[in-house]
Amino acid sequence: DDDDDDKDKASASSKTTTDPTNSRYYLVVVQYTQTIDTKKLSSELRGLRPPGPTRFGPNYFSELRLAPERVSEELTGYGHNGVSPFGLDDSTIPVIVCKSIVVVVDDGDNVNAALTAPRFVWMGGGDKDWKLGMATSEFVRGVDGIVLDASVPRT
């Protein structure tokens, strides 16, 4: 539908802001064994601001969703399954790194000995057939990532 195309183009053309606590778009990096929990992400984003008059209300980030593929490609410069947090066309997009990538998350299942944070991560390398790998600590520093508890294990 032409109206949807116009909305997508308008969305992409109004680039993100430089305030990572109130961006129109976020690039969220999640471990493949996890999935983004939008309620947790919303709460964590609100928590980036200190309590008081500048903190957003509980419904401020309630409409979080994936950007349409065309918008994602325009903002990042990368196509489907090739998005990398490095070299984004819009370098103001804040990068959220899910906590499960950098620390061990206690899921309450103490018998799960395999529950560890990876020391090395693989991510999109700019094309669906290319992958980029690096040490987790270097990755978080390299993308200036904001680590948030925003994912849950896939079921």
# chains A, B, ... in the order shown; residues from 1 in each chain; ligands from 1
call {"tool": "closest_atom_pairs", "arguments": {"of": "region 52-107 of chain A", "to": "region 26-45 of chain A", "cutoff": "10 Å", "atoms": "only C-alpha atoms", "output": "tab-separated table"}}
result
residue	atom	partner	partner_atom	distance
A:Arg55	CA	A:Leu45	CA	9.8
A:Phe56	CA	A:Leu45	CA	9.1
A:Gly57	CA	A:Ser43	CA	9.7
A:Pro58	CA	A:Ser43	CA	7.4
A:Asn59	CA	A:Ser42	CA	8.3
A:Tyr60	CA	A:Ser42	CA	7.9
A:Phe61	CA	A:Ser42	CA	5.2
A:Ser62	CA	A:Ser42	CA	6.5
A:Glu63	CA	A:Thr38	CA	8.7
A:Leu64	CA	A:Thr38	CA	6.4
A:Arg65	CA	A:Thr38	CA	7.8
A:Leu66	CA	A:Tyr26	CA	9.4
A:Ala67	CA	A:Tyr26	CA	9.4
A:Ser72	CA	A:Leu27	CA	9.5
A:Thr76	CA	A:Leu27	CA	9.1
A:Val83	CA	A:Leu27	CA	9.3
A:Ser84	CA	A:Leu27	CA	9.2
A:Pro85	CA	A:Leu27	CA	7.2
A:Leu88	CA	A:Leu27	CA	9.9
A:Thr92	CA	A:Tyr26	CA	9.3
A:Ile93	CA	A:Tyr26	CA	5.7
A:Pro94	CA	A:Tyr26	CA	5.3
A:Val95	CA	A:Leu27	CA	4.8
A:Ile96	CA	A:Val28	CA	4.7
A:Val97	CA	A:Val29	CA	4.9
A:Cys98	CA	A:Val30	CA	5.4
A:Lys99	CA	A:Val30	CA	8.5
A:Ser100	CA	A:Gln31	CA	7.1
A:Ile101	CA	A:Gln31	CA	6.1
A:Val102	CA	A:Gln31	CA	9.9
call {"tool": "write_last_selection", "arguments": {"atoms": "C-alpha atoms", "output": "PDB file, in the first residue's frame"}}
result
ATOM      1  CA  ARG A  55      11.993   9.615  33.426  1.00  0.00           C
ATOM      2  CA  PHE A  56       9.404   8.436  30.917  1.00  0.00           C
ATOM      3  CA  GLY A  57       6.105   6.938  32.027  1.00  0.00           C
ATOM      4  CA  PRO A  58       5.416   3.189  31.924  1.00  0.00           C
ATOM      5  CA  ASN A  59       3.815   3.302  28.477  1.00  0.00           C
ATOM      6  CA  TYR A  60       6.428   5.466  26.747  1.00  0.00           C
ATOM      7  CA  PHE A  61       8.174   2.597  24.936  1.00  0.00           C
ATOM      8  CA  SER A  62       5.104   0.343  24.744  1.00  0.00           C
ATOM      9  CA  GLU A  63       5.043   0.256  20.923  1.00  0.00           C
ATOM     10  CA  LEU A  64       8.484  -1.312  20.403  1.00  0.00           C
ATOM     11  CA  ARG A  65       8.687  -3.475  17.269  1.00  0.00           C
ATOM     12  CA  LEU A  66      11.026  -4.370  14.441  1.00  0.00           C
ATOM     13  CA  ALA A  67      11.509  -1.688  11.833  1.00  0.00           C
ATOM     14  CA  SER A  72      16.143  -1.092   8.478  1.00  0.00           C
ATOM     15  CA  THR A  76      21.794   0.554   8.570  1.00  0.00           C
ATOM     16  CA  VAL A  83      22.847  -6.225   9.572  1.00  0.00           C
ATOM     17  CA  SER A  84      26.001  -5.455  11.498  1.00  0.00           C
ATOM     18  CA  PRO A  85      26.309  -2.993  14.380  1.00  0.00           C
ATOM     19  CA  LEU A  88      25.840   1.804  10.151  1.00  0.00           C
ATOM     20  CA  THR A  92      23.498   7.756  15.848  1.00  0.00           C
ATOM     21  CA  ILE A  93      21.450   4.577  16.359  1.00  0.00           C
ATOM     22  CA  PRO A  94      22.150   3.374  19.922  1.00  0.00           C
ATOM     23  CA  VAL A  95      23.274  -0.256  20.145  1.00  0.00           C
ATOM     24  CA  ILE A  96      21.643  -2.272  22.901  1.00  0.00           C
ATOM     25  CA  VAL A  97      23.543  -5.432  23.846  1.00  0.00           C
ATOM     26  CA  CYS A  98      21.396  -7.954  25.685  1.00  0.00           C
ATOM     27  CA  LYS A  99      22.875  -8.776  29.074  1.00  0.00           C
ATOM     28  CA  SER A 100      22.841 -12.507  28.323  1.00  0.00           C
ATOM     29  CA  ILE A 101      25.682 -11.928  25.853  1.00  0.00           C
ATOM     30  CA  VAL A 102      28.060 -10.454  28.412  1.00  0.00           C
TER      31      VAL A 102
END
call {"tool": "select_by_dssp", "arguments": {"residues": "chain A", "states": "helix (DSSP H, G or I)", "output": "count of residues only"}}
result
40
call {"tool": "select_by_dssp", "arguments": {"residues": "chain A", "states": "strand (DSSP E)", "output": "NGL selection string"}}
result
:A and (27-29 or 34-36 or 95-98 or 120-124 or 131-135 or 146-148 or 151-153)
call {"tool": "atom_distance", "arguments": {"atom1": "CA of Pro51 (chain A)", "atom2": "CA of Thr21 (chain A)"}}
result
13.0 Å
call {"tool": "residues_around", "arguments": {"residues": "region 68-70 of chain A", "least_positions_apart": "2", "cutoff": "8 Å", "atoms": "only C-alpha atoms", "output": "PyMOL selection string"}}
result
chain A and resi 8+66+72-74+79-80
call {"tool": "residues_around", "arguments": {"residues": "Gly126 (chain A)", "least_positions_apart": "4", "cutoff": "9 Å", "atoms": "only C-alpha atoms", "output": "PyMOL selection string"}}
result
chain A and resi 77-79+81-84+86-87+130-132
call {"tool": "atom_distance", "arguments": {"atom1": "CA of Arg24 (chain A)", "atom2": "CA of Val147 (chain A)"}}
result
18.1 Å
call {"tool": "atom_distance", "arguments": {"atom1": "CA of Asp127 (chain A)", "atom2": "CA of Gly145 (chain A)"}}
result
21.5 Å
call {"tool": "residues_around", "arguments": {"residues": "Ser137 (chain A)", "least_positions_apart": "4", "cutoff": "10 Å", "atoms": "only C-alpha atoms", "output": "list in words"}}
result
Ile101, Val102, Pro118, Arg119, Phe120, Val121, Arg141 and Gly142 of chain A
call {"tool": "closest_residue", "arguments": {"among": "A:Val143, A:Ser23, A:Asp89, A:Met123", "to": "Leu48 (chain A)", "atoms": "only C-alpha atoms"}}
result
A:Ser23
